[in-house]
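**Q** File name run.txt; file contents compact mmCIF, C-alpha atoms; full text below.
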# COMPACT_ATOMS: atom_id res chain seq x y z
CA GLY A 1 -2.06 -22.95 -32.03
CA MET A 2 -2.58 -19.28 -31.39
CA GLN A 3 -6.07 -17.86 -31.21
CA VAL A 4 -7.20 -14.25 -31.36
CA LEU A 5 -10.10 -13.71 -28.99
CA THR A 6 -12.28 -10.82 -27.95
CA ALA A 7 -13.03 -10.68 -24.22
CA ASN A 8 -15.75 -8.43 -22.88
CA ALA A 9 -18.99 -8.55 -20.94
CA THR A 10 -20.69 -10.68 -23.64
CA SER A 11 -17.85 -12.63 -25.27
CA ASN A 12 -15.42 -14.93 -23.42
CA GLU A 13 -16.80 -13.46 -20.23
CA ASP A 14 -14.71 -15.69 -17.98
CA LEU A 15 -11.49 -14.48 -19.60
CA PHE A 16 -12.69 -10.89 -19.29
CA TYR A 17 -13.34 -11.52 -15.60
CA ALA A 18 -9.85 -13.00 -15.09
CA LEU A 19 -8.11 -10.14 -16.87
CA ARG A 20 -9.75 -7.66 -14.49
CA GLY A 21 -7.64 -8.43 -11.44
CA GLY A 22 -6.32 -11.91 -12.14
CA GLY A 23 -2.88 -10.67 -13.10
CA VAL A 24 -0.87 -11.59 -16.16
CA GLY A 25 -0.53 -15.10 -17.56
CA PHE A 26 -3.82 -15.68 -19.37
CA GLY A 27 -2.52 -14.63 -22.77
CA VAL A 28 -1.12 -11.60 -24.56
CA VAL A 29 -3.37 -8.55 -24.72
CA VAL A 30 -2.74 -6.77 -28.01
CA GLU A 31 -5.62 -4.30 -27.99
CA TRP A 32 -7.98 -2.96 -25.40
CA GLN A 33 -10.62 -0.35 -24.76
CA PHE A 34 -11.16 1.33 -21.43
CA GLN A 35 -13.39 4.01 -20.02
CA LEU A 36 -12.01 7.50 -19.58
CA HIS A 37 -13.04 9.73 -16.70
CA PRO A 38 -13.12 13.53 -16.58
CA THR A 39 -10.02 15.06 -15.07
CA PRO A 40 -10.54 17.10 -11.89
CA PRO A 41 -10.77 20.90 -12.25
CA PHE A 42 -8.05 21.30 -9.59
CA VAL A 43 -5.97 19.24 -7.15
CA THR A 44 -5.43 20.02 -3.47
CA GLU A 45 -2.46 18.46 -1.67
CA ILE A 46 -1.85 18.52 2.08
CA LEU A 47 1.74 17.80 3.06
CA TYR A 48 2.35 16.92 6.71
CA GLU A 49 4.98 15.74 9.18
CA PHE A 50 4.38 14.45 12.71
CA PRO A 51 6.78 12.91 15.26
CA LEU A 52 6.29 9.33 16.45
CA LYS A 53 7.70 9.64 19.98
CA VAL A 54 8.34 13.01 21.65
CA TYR A 55 10.66 13.16 24.66
CA TYR A 56 11.41 16.10 26.94
CA ASN A 57 14.34 17.21 29.08
CA ASN A 58 12.31 16.46 32.22
CA GLY A 59 12.20 12.78 31.23
CA SER A 60 8.57 12.62 30.10
CA ARG A 61 7.58 11.04 26.79
CA VAL A 62 4.52 11.19 24.54
CA ASP A 63 3.34 8.70 21.92
CA ALA A 64 2.51 11.49 19.48
CA GLY A 65 2.49 9.33 16.37
CA LYS A 66 0.02 6.86 17.85
CA GLU A 67 -2.28 9.74 18.76
CA VAL A 68 -2.23 11.04 15.17
CA LEU A 69 -2.82 7.57 13.73
CA ARG A 70 -5.59 6.84 16.24
CA ASN A 71 -7.44 10.00 15.24
CA PHE A 72 -6.78 9.95 11.52
CA MET A 73 -4.77 7.55 9.38
CA HIS A 74 -5.44 4.33 11.33
CA ASN A 75 -9.04 5.25 12.09
CA ALA A 76 -11.46 3.42 9.81
CA THR A 77 -14.25 5.93 10.45
CA PHE A 78 -11.99 8.79 9.38
CA TRP A 79 -11.43 7.26 5.95
CA GLU A 80 -14.96 5.98 5.51
CA THR A 81 -16.52 9.38 6.15
CA LEU A 82 -14.28 11.25 3.71
CA PRO A 83 -15.92 12.00 0.35
CA ASN A 84 -14.65 10.14 -2.70
CA GLY A 85 -11.71 11.95 -4.20
CA TRP A 86 -9.21 11.70 -1.35
CA GLY A 87 -6.10 9.57 -1.60
CA GLY A 88 -2.49 9.79 -0.60
CA TRP A 89 0.66 8.18 0.67
CA ARG A 90 2.46 8.08 3.98
CA SER A 91 6.01 7.26 5.08
CA LEU A 92 6.93 6.33 8.65
CA ASP A 93 10.64 6.15 9.35
CA THR A 94 13.42 6.36 11.91
CA SER A 95 14.25 10.07 11.52
CA THR A 96 15.30 11.74 14.76
CA GLY A 97 15.76 15.29 15.97
CA TYR A 98 16.45 17.40 19.03
CA SER A 99 15.86 21.10 19.74
CA VAL A 100 17.77 22.83 22.49
CA ALA A 101 15.41 25.81 22.26
CA GLU A 102 12.31 23.65 22.70
CA GLY A 103 13.91 21.32 25.24
CA GLU A 104 12.57 18.31 23.37
CA GLY A 105 13.42 15.72 20.78
CA TYR A 106 11.69 13.02 18.80
CA LEU A 107 12.33 9.45 17.73
CA GLY A 108 10.75 8.47 14.43
CA GLN A 109 8.71 10.57 12.07
CA MET A 110 5.60 10.26 9.92
CA SER A 111 5.39 12.31 6.75
CA GLY A 112 2.92 12.14 3.94
CA SER A 113 0.58 13.64 1.42
CA LEU A 114 -3.20 13.74 1.23
CA VAL A 115 -4.43 14.50 -2.27
CA TYR A 116 -7.94 15.59 -3.24
CA VAL A 117 -9.24 15.26 -6.82
CA GLY A 118 -12.98 15.37 -6.07
CA GLY A 119 -13.60 18.79 -7.57
CA ASP A 120 -15.35 20.31 -4.53
CA ALA A 121 -13.31 23.13 -3.00
CA THR A 122 -15.47 23.11 0.13
CA GLU A 123 -14.68 19.46 0.83
CA ALA A 124 -10.99 20.07 0.34
CA THR A 125 -11.09 22.92 2.85
CA LYS A 126 -12.91 20.82 5.45
CA LEU A 127 -10.06 18.35 5.87
CA VAL A 128 -7.44 21.10 5.90
CA THR A 129 -9.33 22.78 8.75
CA ARG A 130 -9.76 19.50 10.60
CA LEU A 131 -6.05 18.77 10.56
CA GLN A 132 -5.22 22.34 11.58
CA ASP A 133 -7.65 22.12 14.49
CA PHE A 134 -5.91 19.01 15.80
CA GLN A 135 -3.77 20.71 18.45
CA PRO A 136 -2.59 18.29 21.17
CA ALA A 137 -0.33 19.70 23.87
CA TRP A 138 2.82 18.26 22.30
CA ARG A 139 2.30 19.84 18.86
CA ASN A 140 4.50 22.83 17.99
CA SER A 141 6.29 24.33 15.03
CA TYR A 142 9.43 22.29 15.72
CA ASN A 143 8.00 18.78 15.64
CA THR A 144 5.03 19.27 13.28
CA PHE A 145 4.76 20.63 9.76
CA MET A 146 1.73 21.09 7.51
CA VAL A 147 1.21 23.02 4.29
CA THR A 148 -1.54 23.04 1.67
CA LEU A 149 -0.70 23.24 -2.04
CA GLU A 150 -3.07 23.95 -4.90
CA TYR A 151 -2.57 22.70 -8.46
CA ALA A 152 -4.43 24.06 -11.46
CA SER A 153 -4.97 20.63 -13.00
CA LEU A 154 -4.16 16.95 -12.61
CA LEU A 155 -1.34 17.37 -15.12
CA ASP A 156 0.05 20.21 -13.02
CA TYR A 157 0.08 17.91 -9.98
CA VAL A 158 1.66 15.02 -11.88
CA GLU A 159 4.43 17.26 -13.20
CA ASN A 160 5.02 19.34 -10.07
CA GLY A 161 3.54 17.46 -7.09
CA THR A 162 5.01 14.80 -4.81
CA THR A 163 4.91 11.97 -7.35
CA ALA A 164 8.64 11.56 -8.02
CA ALA A 165 9.81 7.95 -8.04
CA GLY A 166 12.48 6.69 -5.67
CA SER A 167 16.08 6.28 -6.80
CA TYR A 168 17.03 3.11 -4.95
CA TYR A 169 19.23 0.46 -6.46
CA ARG A 170 18.25 -2.20 -3.93
CA GLN A 171 14.98 -2.51 -2.06
CA PHE A 172 12.71 -4.62 0.07
CA ILE A 173 8.94 -4.17 -0.13
CA GLY A 174 6.40 -6.05 1.94
CA ASN A 175 2.80 -5.11 2.64
CA VAL A 176 -0.59 -5.99 4.04
CA PHE A 177 -4.06 -4.64 3.38
CA ALA A 178 -5.74 -2.90 6.30
CA GLY A 179 -9.49 -2.34 6.48
CA ARG A 180 -12.00 -1.91 9.27
CA ASP A 181 -11.45 -5.44 10.60
CA GLU A 182 -7.69 -4.97 10.83
CA LEU A 183 -8.12 -1.57 12.51
CA LYS A 184 -10.58 -2.70 15.18
CA ASP A 185 -7.69 -2.64 17.65
CA GLU A 186 -4.28 -0.93 17.61
CA SER A 187 -2.16 -3.96 16.77
CA ILE A 188 -0.91 -2.59 13.44
CA THR A 189 -0.35 0.86 14.93
CA ASP A 190 1.61 -0.52 17.87
CA ALA A 191 3.69 -2.83 15.70
CA VAL A 192 4.75 -0.15 13.23
CA VAL A 193 5.37 2.73 15.66
CA ASP A 194 7.06 0.67 18.38
CA ASN A 195 9.39 -0.99 15.86
CA LEU A 196 10.46 2.33 14.36
CA VAL A 197 10.95 4.05 17.71
CA ASN A 198 13.08 1.16 18.98
CA ILE A 199 15.18 1.04 15.79
CA ALA A 200 15.63 4.84 15.89
CA TYR A 201 16.71 4.65 19.54
CA GLN A 202 19.40 2.16 18.54
CA GLY A 203 20.59 4.40 15.70
CA GLY A 204 19.25 2.19 12.90
CA ASN A 205 17.30 2.94 9.73
CA MET A 206 13.96 1.59 8.56
CA ASN A 207 10.90 2.79 6.69
CA TYR A 208 7.28 1.72 6.38
CA PHE A 209 5.34 3.04 3.41
CA THR A 210 1.58 3.34 3.08
CA ASN A 211 -0.77 3.95 0.18
CA ASP A 212 -3.85 5.53 1.73
CA VAL A 213 -7.51 5.22 0.83
CA LEU A 214 -7.96 2.38 -1.59
CA GLY A 215 -11.53 3.65 -1.69
CA GLY A 216 -13.98 5.01 -4.22
CA LYS A 217 -14.86 2.43 -6.86
CA ILE A 218 -12.36 0.00 -5.38
CA ASN A 219 -14.63 -0.31 -2.35
CA ASP A 220 -17.81 -0.52 -4.42
CA PRO A 221 -19.60 -3.71 -3.25
CA ASP A 222 -21.18 -4.14 -6.69
CA ALA A 223 -17.70 -4.57 -8.14
CA LEU A 224 -16.69 -7.27 -5.66
CA GLU A 225 -17.96 -10.17 -7.77
CA ALA A 226 -17.51 -8.48 -11.13
CA THR A 227 -13.72 -8.63 -11.08
CA ALA A 228 -11.08 -11.06 -9.87
CA VAL A 229 -9.69 -8.71 -7.23
CA SER A 230 -10.07 -10.17 -3.74
CA ALA A 231 -12.49 -8.91 -1.12
CA GLN A 232 -9.49 -8.10 1.06
CA PHE A 233 -8.26 -5.60 -1.51
CA ARG A 234 -11.74 -4.22 -2.17
CA ARG A 235 -12.37 -3.56 1.51
CA ALA A 236 -8.95 -2.15 2.33
CA LEU A 237 -8.56 1.46 3.45
CA PHE A 238 -4.81 1.39 2.95
CA GLU A 239 -1.87 -0.95 2.48
CA ILE A 240 1.21 -0.74 4.66
CA GLY A 241 4.51 -2.53 5.02
CA PRO A 242 8.28 -2.19 5.30
CA ASN A 243 9.72 -0.45 2.27
CA GLN A 244 13.43 0.04 2.79
CA GLY A 245 15.81 1.12 0.04
CA TRP A 246 19.60 1.18 0.01
CA VAL A 247 22.51 1.37 -2.40
CA ASP A 248 25.41 -0.68 -1.00
CA PRO A 249 24.97 -4.46 -1.55
CA ALA A 250 26.95 -5.00 1.67
CA TYR A 251 23.69 -4.19 3.48
CA ASP A 252 21.60 -6.74 1.56
CA MET A 253 21.46 -9.35 4.30
CA TYR A 254 20.83 -6.84 7.08
CA TYR A 255 18.00 -4.93 5.44
CA ASN A 256 16.37 -7.95 3.81
CA SER A 257 16.43 -9.91 7.05
CA LEU A 258 15.12 -7.04 9.19
CA SER A 259 12.46 -6.05 6.67
CA SER A 260 11.33 -9.64 6.26
CA THR A 261 10.94 -9.99 10.03
CA LEU A 262 8.85 -6.81 10.18
CA ALA A 263 6.75 -7.93 7.22
CA ALA A 264 6.04 -11.30 8.86
CA GLN A 265 4.81 -9.45 11.94
CA LEU A 266 2.25 -7.64 9.80
CA TYR A 267 1.27 -10.80 7.92
CA ALA A 268 0.06 -12.18 11.24
CA LEU A 269 -2.27 -9.17 11.59
CA SER A 270 -3.83 -9.25 8.11
CA ASN A 271 -4.45 -12.06 5.63
CA GLY A 272 -4.32 -9.86 2.52
CA SER A 273 -1.29 -8.58 0.59
CA TYR A 274 -0.04 -7.63 -2.82
CA VAL A 275 1.93 -10.45 -4.40
CA ASN A 276 3.95 -8.41 -6.89
CA GLU A 277 6.26 -6.72 -4.42
CA TRP A 278 9.84 -7.90 -4.27
CA SER A 279 13.03 -8.38 -2.33
CA THR A 280 16.54 -7.85 -3.66
CA ILE A 281 17.31 -11.49 -2.81
CA PRO A 282 14.34 -13.45 -4.20
CA ARG A 283 13.20 -16.74 -2.66
CA THR A 284 15.31 -16.05 0.43
CA TYR A 285 13.24 -13.43 2.22
CA ASP A 286 9.53 -12.59 2.14
CA ASP A 287 8.65 -15.73 0.15
CA PHE A 288 5.36 -16.38 1.97
CA SER A 289 3.70 -19.68 1.17
CA ASP A 290 0.12 -18.41 1.10
CA TRP A 291 0.64 -15.92 -1.74
CA LYS A 292 -2.24 -17.39 -3.78
CA TYR A 293 -4.81 -16.46 -1.18
CA ARG A 294 -3.22 -13.29 0.21
CA PHE A 295 -4.17 -11.44 -2.96
CA TRP A 296 -6.90 -13.46 -4.67
CA GLY A 297 -8.57 -14.98 -1.61
CA ASP A 298 -11.24 -17.57 -2.44
CA LYS A 299 -11.12 -16.56 -6.11
CA TYR A 300 -7.82 -18.31 -6.84
CA GLU A 301 -9.19 -21.74 -7.75
CA GLY A 302 -11.66 -20.22 -10.20
CA LEU A 303 -8.89 -18.20 -11.79
CA LEU A 304 -6.75 -21.32 -12.12
CA ALA A 305 -9.58 -23.07 -13.97
CA ILE A 306 -9.80 -20.12 -16.40
CA LYS A 307 -6.03 -20.21 -16.82
CA GLU A 308 -6.17 -23.93 -17.67
CA LYS A 309 -8.91 -23.27 -20.23
CA TYR A 310 -7.18 -20.49 -22.15
CA ASP A 311 -3.53 -21.44 -21.58
CA PRO A 312 -3.63 -25.24 -21.16
CA CYS A 313 0.11 -25.64 -21.71
CA ASN A 314 1.00 -22.86 -19.25
CA PHE A 315 3.12 -20.92 -21.72
CA PHE A 316 2.45 -17.60 -20.01
CA SER A 317 3.90 -17.83 -16.54
CA VAL A 318 5.11 -15.17 -14.14
CA LYS A 319 6.42 -15.53 -10.61
CA LYS A 320 3.52 -15.66 -8.13
CA GLY A 321 0.99 -15.41 -10.92
CA VAL A 322 -1.97 -17.74 -11.32
CA GLY A 323 -0.65 -21.21 -12.18
CA SER A 324 3.00 -20.25 -11.69
CA ASP A 325 3.62 -23.23 -9.39
CA GLU A 326 2.32 -25.65 -12.04
CA PRO A 327 4.61 -27.24 -14.67
CA ILE A 328 5.46 -24.74 -17.42
CA ASN A 329 5.23 -25.45 -21.18
CA THR A 330 3.97 -28.98 -20.59
CA CYS A 331 0.22 -28.88 -21.25
CA TRP A 332 -0.15 -29.71 -17.59
CA ARG A 333 -3.93 -29.58 -17.74
CA ASN A 334 -3.99 -32.75 -19.86
CA GLN A 335 -1.54 -34.60 -17.57
CA LYS A 336 -3.56 -34.37 -14.36
CA PRO A 337 -5.16 -37.62 -13.21
CA LYS A 338 -8.84 -37.92 -14.05
Please rewrite the model in this file as structure tokens.

**A**
Amino acid sequence: GMQVLTANATSNEDLFYALRGGGVGFGVVVEWQFQLHPTPPFVTEILYEFPLKVYYNNGSRVDAGKEVLRNFMHNATFWETLPNGWGGWRSLDTSTGYSVAEGEGYLGQMSGSLVYVGGDATEATKLVTRLQDFQPAWRNSYNTFMVTLEYASLLDYVENGTTAAGSYYRQFIGNVFAGRDELKDESITDAVVDNLVNIAYQGGNMNYFTNDVLGGKINDPDALEATAVSAQFRRALFEIGPNQGWVDPAYDMYYNSLSSTLAAQLYALSNGSYVNEWSTIPRTYDDFSDWKYRFWGDKYEGLLAIKEKYDPCNFFSVKKGVGSDEPINTCWRNQKPK
């Protein structure tokens, strides 16, 4: 029958551990307490746009996007040396443009937001200056944009900043975690930029989306064993993957197939991913077989044992959750051979 339990650091500790990163499926949480943190006194947001490939009338070309990523967003040292309080998002897509006045054009574009909530105005200014001082020969007012916005409070940023949700009806999302190990060479950079430039050249559409700086307490080594979140997540500096949205179902097969191919390319470069992202056509695309270990790593078997203890009949099941590939509503724990 049903039991009401309290899970915390001293009571049902294993369940408490599982609920902190193990996903849903261990029961129904009806009440919880969590720690609040002071809101920042202000929020600084840096909005930016950079081209991926710049080409000129004289036939020369520059891998501008790779240069930006090499110096900043795909540079592990860049993220690791930033003070806690920085985060952001980044979109890389197949936008194109050409300027007769400048005698140049671009294939692909990177745009994004860096957000600071650390409360130190000096630290916020340091990164703004650093990005402004990055002045390669190809950078000009046509192909590059940067502006700094200040918000009086976190609520002001939430209500007026770049946090609006997308309005897609159909979507494909795939992703991998990227930390220092994954950024030791330029494999991820080359894969993402080269794919987008090639698709843009052919007149196609595609987008990769990135959540930047999974740092702060997430990277705290003391928290690695305290919660069920995998080391791959804890050590990640960002997550990146194809994130294409569309409206017309006639494009389902095209976008799902292309996005799935691009996601598989990234899966070969990192063994960590979210498992709760989705495709418009489930079980047809992006249904990777190693989902248990892409998110939970070597913690999955321990989580399954906790699941069997507190939900022995597997009543609480969700796709790609712990125990979801076991028989449902059958008390499967008691049916296993001894």

**Q** With all atoms listed in the file as the counted atoms, please give the residues lying no more than 9 Å from range 115-126 of chain A, apart from itself and same-chain residues fewer than 2 positions off, as an MDAnalysis selection string.

**A** chainID A and resid 39:47 82:89 113 128:131 154

**Q** For the residues in that selection, give me C-alpha atoms as a PDB file, in the coordinates of the input.

**A**
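Final output, out09.pdb:
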ATOM      1  CA  THR A  39     -10.020  15.060 -15.070  1.00  0.00           C
ATOM      2  CA  PRO A  40     -10.540  17.100 -11.890  1.00  0.00           C
ATOM      3  CA  PRO A  41     -10.770  20.900 -12.250  1.00  0.00           C
ATOM      4  CA  PHE A  42      -8.050  21.300  -9.590  1.00  0.00           C
ATOM      5  CA  VAL A  43      -5.970  19.240  -7.150  1.00  0.00           C
ATOM      6  CA  THR A  44      -5.430  20.020  -3.470  1.00  0.00           C
ATOM      7  CA  GLU A  45      -2.460  18.460  -1.670  1.00  0.00           C
ATOM      8  CA  ILE A  46      -1.850  18.520   2.080  1.00  0.00           C
ATOM      9  CA  LEU A  47       1.740  17.800   3.060  1.00  0.00           C
ATOM     10  CA  LEU A  82     -14.280  11.250   3.710  1.00  0.00           C
ATOM     11  CA  PRO A  83     -15.920  12.000   0.350  1.00  0.00           C
ATOM     12  CA  ASN A  84     -14.650  10.140  -2.700  1.00  0.00           C
ATOM     13  CA  GLY A  85     -11.710  11.950  -4.200  1.00  0.00           C
ATOM     14  CA  TRP A  86      -9.210  11.700  -1.350  1.00  0.00           C
ATOM     15  CA  GLY A  87      -6.100   9.570  -1.600  1.00  0.00           C
ATOM     16  CA  GLY A  88      -2.490   9.790  -0.600  1.00  0.00           C
ATOM     17  CA  TRP A  89       0.660   8.180   0.670  1.00  0.00           C
ATOM     18  CA  SER A 113       0.580  13.640   1.420  1.00  0.00           C
ATOM     19  CA  VAL A 128      -7.440  21.100   5.900  1.00  0.00           C
ATOM     20  CA  THR A 129      -9.330  22.780   8.750  1.00  0.00           C
ATOM     21  CA  ARG A 130      -9.760  19.500  10.600  1.00  0.00           C
ATOM     22  CA  LEU A 131      -6.050  18.770  10.560  1.00  0.00           C
ATOM     23  CA  LEU A 154      -4.160  16.950 -12.610  1.00  0.00           C
TER      24      LEU A 154
END

**Q** Name all residues at most 7 Å from Arg20 in chain A (count all atoms listed in the file; drop same-chain ones fewer than 3 positions away) and give them as an NGL selection string.

**A** :A and (16-17 or 227-228)

**Q** Env of Gly108 in chain A: 8 Å cut, atoms = only C-alpha atoms, seq-sep filter 3 positions within chain, self excluded. Answer as number ranges by chain.

**A** A: 51-53, 92-96, 193, 196-197, 200

**Q** Go through A:Arg90, A:Lys66, A:Arg170, A:Arg139 one by one, measure the shortest atom-to-atom distance of each to Tyr255 in chain A using all atoms listed in the file, and give the residue with the smallest value.

**A** A:Arg170

**Q** Go ahead and compute the interatomic distance for CA of Gly174 in chain A and CA of Phe316 in chain A, in Å to one decimal.

**A**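 Computing the Euclidean distance for CA of Gly174 in chain A and CA of Phe316 in chain A yields 25.1 Å.
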
**Q** What's the 10 Å shell around range 238-251 of chain A, counting all atoms listed in the file, without same-chain residues fewer than 5 positions away, as a PyMOL selection string?

**A** chain A and resi 73-74+76+79+87-93+166-179+188+192+205-215+233+256-267+272-274+277-280

**Q** Which residues, protein or nucleic acid, reach to within 10 Å of (-11.0, -7.2, -4.2) in the file's coordinates when using only C-alpha atoms, and can you give that as an NGL selection string?

**A** :A and (21 or 218-221 or 223-236 or 272 or 295-297 or 299)

**Q** Provide the CA of Arg180 in chain A to CA of Asn195 in chain A distance in Å, to one decimal place.

**A** 22.4 Å
